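Below is the file my_file03.csv, which contains CSV, N, CA and C atoms.
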```
chain,number,residue,atom,x,y,z
A,1,GLN,N,117.4,164.2,87.9
A,1,GLN,CA,116.9,162.9,88.1
A,1,GLN,C,115.5,162.7,87.5
A,2,VAL,N,115.2,161.7,86.8
A,2,VAL,CA,113.9,161.5,86.2
A,2,VAL,C,113.0,160.8,87.2
A,3,GLN,N,111.7,161.4,87.2
A,3,GLN,CA,110.7,160.8,88.1
A,3,GLN,C,109.5,160.5,87.2
A,4,LEU,N,108.8,159.4,87.4
A,4,LEU,CA,107.6,159.1,86.7
A,4,LEU,C,106.5,158.8,87.7
A,5,VAL,N,105.3,159.4,87.5
A,5,VAL,CA,104.2,159.2,88.4
A,5,VAL,C,102.9,158.8,87.5
A,6,GLU,N,102.4,157.6,87.7
A,6,GLU,CA,101.2,157.2,87.0
A,6,GLU,C,99.9,157.6,87.7
A,7,SER,N,98.8,157.7,86.9
A,7,SER,CA,97.5,157.8,87.5
A,7,SER,C,96.5,157.3,86.5
A,8,GLY,N,95.3,157.1,86.9
A,8,GLY,CA,94.2,156.8,86.0
A,8,GLY,C,93.7,155.3,86.0
A,9,GLY,N,94.3,154.5,86.8
A,9,GLY,CA,93.9,153.1,86.9
A,9,GLY,C,92.5,153.0,87.5
A,10,GLY,N,91.9,151.8,87.5
A,10,GLY,CA,90.6,151.6,88.1
A,10,GLY,C,90.0,150.3,87.6
A,11,THR,N,88.7,150.1,87.8
A,11,THR,CA,88.0,148.9,87.4
A,11,THR,C,87.0,149.3,86.4
A,12,VAL,N,86.9,148.4,85.4
A,12,VAL,CA,86.0,148.7,84.3
A,12,VAL,C,85.5,147.4,83.7
A,13,GLN,N,84.3,147.4,83.1
A,13,GLN,CA,83.8,146.1,82.6
A,13,GLN,C,84.4,145.9,81.2
A,14,ALA,N,84.5,144.6,80.8
A,14,ALA,CA,85.0,144.2,79.5
A,14,ALA,C,84.3,145.0,78.4
A,15,GLY,N,85.1,145.5,77.5
A,15,GLY,CA,84.5,146.3,76.4
A,15,GLY,C,84.6,147.8,76.7
A,16,GLY,N,84.9,148.2,77.9
A,16,GLY,CA,85.0,149.6,78.3
A,16,GLY,C,86.3,150.2,78.0
A,17,SER,N,86.5,151.4,78.5
A,17,SER,CA,87.7,152.2,78.2
A,17,SER,C,88.3,152.8,79.5
A,18,LEU,N,89.6,153.0,79.5
A,18,LEU,CA,90.3,153.7,80.6
A,18,LEU,C,91.4,154.5,79.9
A,19,ARG,N,91.8,155.6,80.6
A,19,ARG,CA,93.0,156.3,80.1
A,19,ARG,C,94.0,156.4,81.3
A,20,LEU,N,95.2,156.0,81.1
A,20,LEU,CA,96.3,156.1,82.0
A,20,LEU,C,97.1,157.3,81.7
A,21,SER,N,97.6,158.0,82.7
A,21,SER,CA,98.5,159.1,82.5
A,21,SER,C,99.8,158.8,83.3
A,22,CYS,N,100.9,159.4,82.8
A,22,CYS,CA,102.2,159.3,83.5
A,22,CYS,C,102.9,160.6,83.3
A,23,GLU,N,103.2,161.3,84.4
A,23,GLU,CA,103.9,162.5,84.3
A,23,GLU,C,105.4,162.2,84.5
A,24,ALA,N,106.2,162.7,83.6
A,24,ALA,CA,107.6,162.4,83.6
A,24,ALA,C,108.3,163.8,83.8
A,25,THR,N,109.1,163.9,84.9
A,25,THR,CA,109.9,165.1,85.1
A,25,THR,C,111.4,164.7,85.0
A,26,GLY,N,112.1,165.6,84.4
A,26,GLY,CA,113.6,165.4,84.4
A,26,GLY,C,114.1,165.2,83.0
A,27,TYR,N,113.3,164.7,82.0
A,27,TYR,CA,113.8,164.6,80.7
A,27,TYR,C,113.8,166.0,80.0
A,28,ARG,N,114.9,166.3,79.4
A,28,ARG,CA,114.9,167.6,78.7
A,28,ARG,C,115.0,167.5,77.2
A,29,GLY,N,114.3,168.4,76.5
A,29,GLY,CA,114.4,168.3,75.1
A,29,GLY,C,113.5,167.2,74.5
A,30,GLY,N,113.9,166.6,73.4
A,30,GLY,CA,113.1,165.5,72.9
A,30,GLY,C,113.9,164.4,72.4
A,31,GLY,N,113.3,163.4,71.8
A,31,GLY,CA,114.0,162.3,71.3
A,31,GLY,C,114.2,161.2,72.2
A,32,PHE,N,113.6,161.2,73.4
A,32,PHE,CA,113.7,160.1,74.4
A,32,PHE,C,112.4,159.3,74.2
A,33,CYS,N,112.3,158.2,75.0
A,33,CYS,CA,111.2,157.3,74.9
A,33,CYS,C,110.4,157.2,76.2
A,34,LEU,N,109.1,157.2,76.1
A,34,LEU,CA,108.3,157.0,77.2
A,34,LEU,C,107.3,155.9,76.8
A,35,GLY,N,106.9,155.0,77.8
A,35,GLY,CA,106.0,154.0,77.4
A,35,GLY,C,105.5,153.2,78.6
A,36,TRP,N,104.9,152.1,78.3
A,36,TRP,CA,104.1,151.3,79.3
A,36,TRP,C,104.5,149.8,79.3
A,37,PHE,N,104.6,149.3,80.4
A,37,PHE,CA,104.6,147.8,80.6
A,37,PHE,C,103.5,147.4,81.5
A,38,ARG,N,103.2,146.2,81.6
A,38,ARG,CA,102.2,145.7,82.6
A,38,ARG,C,102.6,144.4,83.1
A,39,GLN,N,102.1,144.1,84.3
A,39,GLN,CA,102.4,142.8,84.9
A,39,GLN,C,101.2,142.3,85.6
A,40,ALA,N,100.7,141.1,85.1
A,40,ALA,CA,99.5,140.5,85.8
A,40,ALA,C,100.0,139.6,86.9
A,41,SER,N,99.1,139.3,87.8
A,41,SER,CA,99.5,138.5,89.0
A,41,SER,C,100.0,137.2,88.5
A,42,GLY,N,101.2,136.8,89.0
A,42,GLY,CA,101.7,135.5,88.7
A,42,GLY,C,102.4,135.4,87.3
A,43,LYS,N,102.4,136.5,86.6
A,43,LYS,CA,103.0,136.5,85.2
A,43,LYS,C,104.2,137.4,85.1
A,44,GLU,N,104.9,137.2,84.0
A,44,GLU,CA,106.1,138.1,83.8
A,44,GLU,C,105.7,139.5,83.3
A,45,ARG,N,106.5,140.4,83.5
A,45,ARG,CA,106.3,141.8,83.0
A,45,ARG,C,106.2,141.7,81.4
A,46,GLU,N,105.2,142.5,80.9
A,46,GLU,CA,105.0,142.5,79.4
A,46,GLU,C,105.0,143.9,78.9
A,47,TRP,N,105.7,144.1,77.8
A,47,TRP,CA,105.7,145.5,77.2
A,47,TRP,C,104.3,145.7,76.5
A,48,VAL,N,103.9,146.9,76.6
A,48,VAL,CA,102.6,147.3,76.0
A,48,VAL,C,102.7,148.3,74.9
A,49,ALA,N,103.3,149.4,75.1
A,49,ALA,CA,103.4,150.5,74.1
A,49,ALA,C,104.5,151.5,74.5
A,50,ALA,N,105.0,152.2,73.5
A,50,ALA,CA,106.0,153.2,73.7
A,50,ALA,C,105.9,154.3,72.6
A,51,ILE,N,106.5,155.4,72.9
A,51,ILE,CA,106.4,156.5,71.9
A,51,ILE,C,107.7,157.3,72.0
A,52,THR,N,108.3,157.7,70.9
A,52,THR,CA,109.4,158.5,70.8
A,52,THR,C,109.0,160.0,70.8
A,53,THR,N,109.4,160.7,71.8
A,53,THR,CA,109.0,162.1,71.9
A,53,THR,C,109.7,162.9,70.9
A,54,GLY,N,109.1,164.0,70.4
A,54,GLY,CA,109.6,164.8,69.3
A,54,GLY,C,109.0,164.4,68.0
A,55,ASP,N,109.3,163.3,67.5
A,55,ASP,CA,108.7,162.8,66.2
A,55,ASP,C,107.5,162.0,66.5
A,56,GLU,N,107.2,161.6,67.7
A,56,GLU,CA,105.9,161.0,68.1
A,56,GLU,C,105.7,159.7,67.4
A,57,ILE,N,106.7,158.9,67.2
A,57,ILE,CA,106.5,157.6,66.6
A,57,ILE,C,106.1,156.6,67.7
A,58,ALA,N,104.9,155.9,67.5
A,58,ALA,CA,104.4,155.0,68.5
A,58,ALA,C,104.6,153.6,68.1
A,59,TYR,N,104.8,152.8,69.1
A,59,TYR,CA,105.0,151.3,68.9
A,59,TYR,C,104.1,150.6,69.9
A,60,TYR,N,103.6,149.4,69.4
A,60,TYR,CA,102.6,148.6,70.2
A,60,TYR,C,103.0,147.2,70.1
A,61,SER,N,102.7,146.5,71.2
A,61,SER,CA,102.8,145.0,71.2
A,61,SER,C,101.6,144.5,70.5
A,62,ASP,N,101.7,143.3,69.9
A,62,ASP,CA,100.6,142.7,69.2
A,62,ASP,C,99.4,142.5,70.0
A,63,SER,N,99.5,142.3,71.3
A,63,SER,CA,98.3,142.0,72.1
A,63,SER,C,97.4,143.2,72.3
A,64,VAL,N,97.9,144.5,72.1
A,64,VAL,CA,97.1,145.6,72.3
A,64,VAL,C,96.9,146.5,71.0
A,65,LYS,N,97.6,146.1,69.9
A,65,LYS,CA,97.5,146.9,68.7
A,65,LYS,C,96.1,147.0,68.2
A,66,GLY,N,95.7,148.2,67.9
A,66,GLY,CA,94.3,148.4,67.4
A,66,GLY,C,93.3,148.7,68.5
A,67,ARG,N,93.7,148.5,69.8
A,67,ARG,CA,92.8,148.8,70.9
A,67,ARG,C,93.4,149.9,71.8
A,68,PHE,N,94.7,149.9,72.0
A,68,PHE,CA,95.3,150.9,72.8
A,68,PHE,C,96.0,152.0,71.9
A,69,THR,N,96.1,153.2,72.5
A,69,THR,CA,96.7,154.3,71.8
A,69,THR,C,97.6,155.0,72.8
A,70,VAL,N,98.9,155.2,72.4
A,70,VAL,CA,99.9,155.9,73.3
A,70,VAL,C,100.1,157.3,72.7
A,71,SER,N,100.1,158.3,73.5
A,71,SER,CA,100.4,159.6,73.1
A,71,SER,C,101.2,160.4,74.1
A,72,HIS,N,101.7,161.5,73.7
A,72,HIS,CA,102.6,162.3,74.5
A,72,HIS,C,102.4,163.8,74.4
A,73,VAL,N,102.5,164.5,75.5
A,73,VAL,CA,102.4,166.0,75.5
A,73,VAL,C,103.5,166.5,76.3
A,74,SER,N,104.2,167.5,75.8
A,74,SER,CA,105.2,168.2,76.5
A,74,SER,C,104.7,169.5,77.1
A,75,GLN,N,104.7,169.6,78.5
A,75,GLN,CA,104.2,170.8,79.1
A,75,GLN,C,105.3,171.9,79.2
A,76,ASP,N,106.5,171.5,79.4
A,76,ASP,CA,107.6,172.5,79.3
A,76,ASP,C,108.9,171.7,79.1
A,77,ILE,N,110.0,172.4,79.2
A,77,ILE,CA,111.3,171.8,78.8
A,77,ILE,C,111.6,170.5,79.5
A,78,ALA,N,111.1,170.4,80.7
A,78,ALA,CA,111.5,169.2,81.5
A,78,ALA,C,110.3,168.5,82.1
A,79,ARG,N,109.1,168.7,81.6
A,79,ARG,CA,107.9,168.0,82.1
A,79,ARG,C,107.1,167.5,80.9
A,80,ASN,N,106.9,166.2,80.9
A,80,ASN,CA,106.2,165.5,79.9
A,80,ASN,C,105.2,164.6,80.4
A,81,THR,N,104.1,164.4,79.7
A,81,THR,CA,103.1,163.4,80.1
A,81,THR,C,102.9,162.4,78.9
A,82,VAL,N,102.9,161.1,79.3
A,82,VAL,CA,102.5,160.1,78.3
A,82,VAL,C,101.2,159.5,78.7
A,83,TYR,N,100.3,159.3,77.8
A,83,TYR,CA,99.0,158.7,78.0
A,83,TYR,C,98.9,157.3,77.4
A,84,LEU,N,98.1,156.5,77.9
A,84,LEU,CA,97.7,155.3,77.3
A,84,LEU,C,96.2,155.2,77.3
A,85,GLN,N,95.6,155.4,76.2
A,85,GLN,CA,94.1,155.2,76.0
A,85,GLN,C,93.9,153.8,75.7
A,86,MET,N,93.1,153.2,76.6
A,86,MET,CA,92.8,151.7,76.4
A,86,MET,C,91.3,151.6,76.1
A,87,ASP,N,91.0,151.1,74.9
A,87,ASP,CA,89.6,150.9,74.5
A,87,ASP,C,89.4,149.4,74.3
A,88,ASN,N,88.1,149.0,74.3
A,88,ASN,CA,87.7,147.6,74.1
A,88,ASN,C,88.5,146.7,75.0
A,89,LEU,N,88.5,147.0,76.3
A,89,LEU,CA,89.3,146.3,77.3
A,89,LEU,C,88.8,144.9,77.4
A,90,LYS,N,89.8,144.0,77.7
A,90,LYS,CA,89.5,142.6,77.9
A,90,LYS,C,89.9,142.2,79.3
A,91,VAL,N,89.3,141.1,79.7
A,91,VAL,CA,89.6,140.6,81.1
A,91,VAL,C,91.1,140.3,81.2
A,92,GLU,N,91.7,139.9,80.1
A,92,GLU,CA,93.2,139.6,80.1
A,92,GLU,C,94.1,140.8,80.1
A,93,ASP,N,93.5,142.0,80.0
A,93,ASP,CA,94.2,143.2,80.2
A,93,ASP,C,94.4,143.6,81.7
A,94,THR,N,93.8,142.9,82.6
A,94,THR,CA,93.9,143.1,84.0
A,94,THR,C,95.4,143.0,84.4
A,95,ALA,N,95.9,144.0,85.0
A,95,ALA,CA,97.3,144.0,85.4
A,95,ALA,C,97.7,145.3,86.1
A,96,THR,N,98.9,145.3,86.7
A,96,THR,CA,99.4,146.6,87.2
A,96,THR,C,100.2,147.2,86.0
A,97,TYR,N,99.9,148.4,85.7
A,97,TYR,CA,100.6,149.1,84.5
A,97,TYR,C,101.6,150.0,85.1
A,98,TYR,N,102.8,149.9,84.4
A,98,TYR,CA,104.0,150.7,84.8
A,98,TYR,C,104.4,151.6,83.7
A,99,CYS,N,104.7,152.8,84.0
A,99,CYS,CA,105.3,153.8,83.1
A,99,CYS,C,106.8,153.7,83.2
A,100,ALA,N,107.5,153.8,82.0
A,100,ALA,CA,108.9,153.7,82.0
A,100,ALA,C,109.5,154.7,81.0
A,101,GLY,N,110.8,155.0,81.2
A,101,GLY,CA,111.4,155.9,80.2
A,101,GLY,C,112.8,155.4,79.8
A,102,ASP,N,113.3,155.9,78.7
A,102,ASP,CA,114.6,155.5,78.2
A,102,ASP,C,115.1,156.6,77.3
A,103,ARG,N,116.4,156.5,77.0
A,103,ARG,CA,117.0,157.5,76.1
A,103,ARG,C,116.5,157.4,74.7
A,104,GLU,N,116.1,156.2,74.3
A,104,GLU,CA,115.6,156.0,73.0
A,104,GLU,C,114.6,154.8,73.0
A,105,CYS,N,113.8,154.7,72.0
A,105,CYS,CA,112.9,153.5,71.9
A,105,CYS,C,113.6,152.5,71.1
A,106,ARG,N,114.1,151.5,71.8
A,106,ARG,CA,114.8,150.3,71.1
A,106,ARG,C,113.7,149.2,71.0
A,107,VAL,N,112.9,149.3,70.0
A,107,VAL,CA,111.9,148.2,69.8
A,107,VAL,C,112.3,147.3,68.8
A,108,GLN,N,112.6,146.0,69.2
A,108,GLN,CA,113.1,145.0,68.3
A,108,GLN,C,112.3,143.7,68.5
A,109,ALA,N,112.0,143.1,67.4
A,109,ALA,CA,111.3,141.8,67.5
A,109,ALA,C,110.1,141.9,68.4
A,110,GLY,N,109.3,142.9,68.3
A,110,GLY,CA,108.1,143.1,69.1
A,110,GLY,C,108.3,143.3,70.6
A,111,GLN,N,109.5,143.8,71.0
A,111,GLN,CA,109.8,144.1,72.4
A,111,GLN,C,110.5,145.4,72.5
A,112,TRP,N,110.3,146.1,73.6
A,112,TRP,CA,111.0,147.3,73.9
A,112,TRP,C,112.2,146.9,74.7
A,113,ARG,N,113.4,147.0,74.2
A,113,ARG,CA,114.6,146.6,74.9
A,113,ARG,C,115.1,147.7,75.8
A,114,ILE,N,114.4,147.9,76.9
A,114,ILE,CA,114.6,149.0,77.8
A,114,ILE,C,115.9,148.8,78.5
A,115,ALA,N,116.6,149.9,78.7
A,115,ALA,CA,117.9,149.9,79.4
A,115,ALA,C,117.7,149.5,80.9
A,116,ASP,N,118.7,148.8,81.5
A,116,ASP,CA,118.6,148.4,82.9
A,116,ASP,C,118.5,149.5,83.9
A,117,ASP,N,119.0,150.7,83.5
A,117,ASP,CA,119.0,151.8,84.5
A,117,ASP,C,117.9,152.8,84.2
A,118,SER,N,116.9,152.3,83.4
A,118,SER,CA,115.8,153.2,83.1
A,118,SER,C,114.9,153.4,84.3
A,119,PRO,N,114.3,154.6,84.4
A,119,PRO,CA,113.4,154.9,85.5
A,119,PRO,C,112.0,154.3,85.3
A,120,TRP,N,111.3,154.0,86.4
A,120,TRP,CA,110.0,153.4,86.4
A,120,TRP,C,109.1,154.1,87.3
A,121,GLY,N,107.8,154.1,87.0
A,121,GLY,CA,106.8,154.6,87.9
A,121,GLY,C,106.4,153.6,89.0
A,122,GLN,N,105.5,154.0,89.9
A,122,GLN,CA,105.1,153.1,91.0
A,122,GLN,C,104.1,152.1,90.6
A,123,GLY,N,103.4,152.3,89.4
A,123,GLY,CA,102.4,151.4,89.0
A,123,GLY,C,101.0,151.8,89.3
A,124,THR,N,100.1,151.4,88.5
A,124,THR,CA,98.7,151.7,88.7
A,124,THR,C,97.9,150.5,88.3
A,125,GLN,N,96.9,150.1,89.1
A,125,GLN,CA,96.2,148.9,88.9
A,125,GLN,C,95.0,149.1,87.9
A,126,VAL,N,94.9,148.2,86.9
A,126,VAL,CA,93.8,148.2,86.0
A,126,VAL,C,93.1,146.8,86.1
A,127,THR,N,91.8,146.8,86.4
A,127,THR,CA,91.0,145.6,86.6
A,127,THR,C,89.9,145.6,85.6
A,128,VAL,N,89.8,144.6,84.8
A,128,VAL,CA,88.7,144.5,83.8
A,128,VAL,C,87.8,143.3,84.2
A,129,SER,N,86.6,143.5,84.5
A,129,SER,CA,85.7,142.5,84.9
A,129,SER,C,84.8,142.0,83.7
A,130,SER,N,84.4,140.8,83.8
A,130,SER,CA,83.6,140.2,82.7
A,130,SER,C,82.1,140.5,82.9
```
As structure tokens - that is how I would like this structure written.
Amino acid sequence: QVQLVESGGGTVQAGGSLRLSCEATGYRGGGFCLGWFRQASGKEREWVAAITTGDEIAYYSDSVKGRFTVSHVSQDIARNTVYLQMDNLKVEDTATYYCAGDRECRVQAGQWRIADDSPWGQGTQVTVSS
């Protein structure tokens, strides 16, 4: 069973940086997808970034491209960590950020078409003040 646990949220001023981490246990080998979504209060969930493990191909939504960087480290055969380095943060980046996983990164038309049965983390709050 796959489990995802996020950490690293907090409050930062606009223009600042934060790094989120998500430890994923249960995925074995490579070639699966780990990434991030966010949901601001009163808004729909929005995809942020994703990465294909193994070949480390990264994908970004237009709203964060050039400011956020997604990366992945494999600690052992069934333990992986995905990071989201967020630079030049804006007030509109304020949201709860969720880590998610899937068997592959199906990124089409600027969206990660994540499977309905994909695992999710519990979320971590990011607040950017002006």
Which of these residues is nearest to Ser17 (chain A), using only C-alpha atoms: A:Phe68, A:Trp120, A:Tyr83, A:Trp112? A:Phe68
In terms of the shortest atom-to-atom distance over only C-alpha atoms, which of A:Gly123, A:Gly31, A:Gly66, A:Gly110 is closest to Gln85 (chain A)? A:Gly66
Have a look at atom C of Trp36 (chain A) and atom C of Ser74 (chain A) and let me know their distance in Å, one decimal.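 About the pair atom C of Trp36 (chain A) and atom C of Ser74 (chain A): they are 19.8 Å apart.
Using only C-alpha atoms, the shortest contact distance between Thr53 (chain A) and any of A:His72, A:Arg113, A:Arg79, A:Arg28 is found at A:His72.
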Can you pull out every residue within 12 Å of Asp62 (chain A), counting only C-alpha atoms, but drop anything in the same chain fewer than 5 positions away, and send it as a list in words?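 The filter keeps Glu46, Trp47, Val48, Ala49, Arg67, Phe68, Ala109, Gly110 and Gln111 of chain A.
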For the residues in the current selection, export N, CA and C atoms as a CSV table (one decimal), keeping the file's coordinate frame.
```
chain,number,residue,atom,x,y,z
A,46,GLU,N,105.2,142.5,80.9
A,46,GLU,CA,105.0,142.5,79.4
A,46,GLU,C,105.0,143.9,78.9
A,47,TRP,N,105.7,144.1,77.8
A,47,TRP,CA,105.7,145.5,77.2
A,47,TRP,C,104.3,145.7,76.5
A,48,VAL,N,103.9,146.9,76.6
A,48,VAL,CA,102.6,147.3,76.0
A,48,VAL,C,102.7,148.3,74.9
A,49,ALA,N,103.3,149.4,75.1
A,49,ALA,CA,103.4,150.5,74.1
A,49,ALA,C,104.5,151.5,74.5
A,67,ARG,N,93.7,148.5,69.8
A,67,ARG,CA,92.8,148.8,70.9
A,67,ARG,C,93.4,149.9,71.8
A,68,PHE,N,94.7,149.9,72.0
A,68,PHE,CA,95.3,150.9,72.8
A,68,PHE,C,96.0,152.0,71.9
A,109,ALA,N,112.0,143.1,67.4
A,109,ALA,CA,111.3,141.8,67.5
A,109,ALA,C,110.1,141.9,68.4
A,110,GLY,N,109.3,142.9,68.3
A,110,GLY,CA,108.1,143.1,69.1
A,110,GLY,C,108.3,143.3,70.6
A,111,GLN,N,109.5,143.8,71.0
A,111,GLN,CA,109.8,144.1,72.4
A,111,GLN,C,110.5,145.4,72.5
```
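Checking A:Val126, A:Ala14, A:Ala24, A:Val5 one by one against Thr96 (chain A), counting only N, CA and C atoms, you find the shortest gap at A:Val126.
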Measure the distance from atom C of Val107 (chain A) to atom C of Gln75 (chain A) in Å and round it to one decimal. 27.6 Å
Hey, what's within 8 Å of Ile51 (chain A) if we count all atoms listed in the file and toss same-chain stuff fewer than 6 positions away? As a tab-separated table (two decimals) with N, CA and C atoms, in the frame of the given file, please?
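See around02.tsv below for the written result:
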```tsv
chain	number	residue	atom	x	y	z
A	31	GLY	N	113.30	163.40	71.80
A	31	GLY	CA	114.00	162.30	71.30
A	31	GLY	C	114.20	161.20	72.20
A	32	PHE	N	113.60	161.20	73.40
A	32	PHE	CA	113.70	160.10	74.40
A	32	PHE	C	112.40	159.30	74.20
A	33	CYS	N	112.30	158.20	75.00
A	33	CYS	CA	111.20	157.30	74.90
A	33	CYS	C	110.40	157.20	76.20
A	34	LEU	N	109.10	157.20	76.10
A	34	LEU	CA	108.30	157.00	77.20
A	34	LEU	C	107.30	155.90	76.80
A	35	GLY	N	106.90	155.00	77.80
A	35	GLY	CA	106.00	154.00	77.40
A	35	GLY	C	105.50	153.20	78.60
A	36	TRP	N	104.90	152.10	78.30
A	36	TRP	CA	104.10	151.30	79.30
A	36	TRP	C	104.50	149.80	79.30
A	57	ILE	N	106.70	158.90	67.20
A	57	ILE	CA	106.50	157.60	66.60
A	57	ILE	C	106.10	156.60	67.70
A	58	ALA	N	104.90	155.90	67.50
A	58	ALA	CA	104.40	155.00	68.50
A	58	ALA	C	104.60	153.60	68.10
A	59	TYR	N	104.80	152.80	69.10
A	59	TYR	CA	105.00	151.30	68.90
A	59	TYR	C	104.10	150.60	69.90
A	60	TYR	N	103.60	149.40	69.40
A	60	TYR	CA	102.60	148.60	70.20
A	60	TYR	C	103.00	147.20	70.10
A	70	VAL	N	98.90	155.20	72.40
A	70	VAL	CA	99.90	155.90	73.30
A	70	VAL	C	100.10	157.30	72.70
A	71	SER	N	100.10	158.30	73.50
A	71	SER	CA	100.40	159.60	73.10
A	71	SER	C	101.20	160.40	74.10
A	72	HIS	N	101.70	161.50	73.70
A	72	HIS	CA	102.60	162.30	74.50
A	72	HIS	C	102.40	163.80	74.40
A	104	GLU	N	116.10	156.20	74.30
A	104	GLU	CA	115.60	156.00	73.00
A	104	GLU	C	114.60	154.80	73.00
A	105	CYS	N	113.80	154.70	72.00
A	105	CYS	CA	112.90	153.50	71.90
A	105	CYS	C	113.60	152.50	71.10
```
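You can rank A:Ser118, A:Gly26, A:Gly15, A:Lys65 by their closest distance to Asp87 (chain A) using all atoms listed in the file, and at the top of that list sits A:Gly15.
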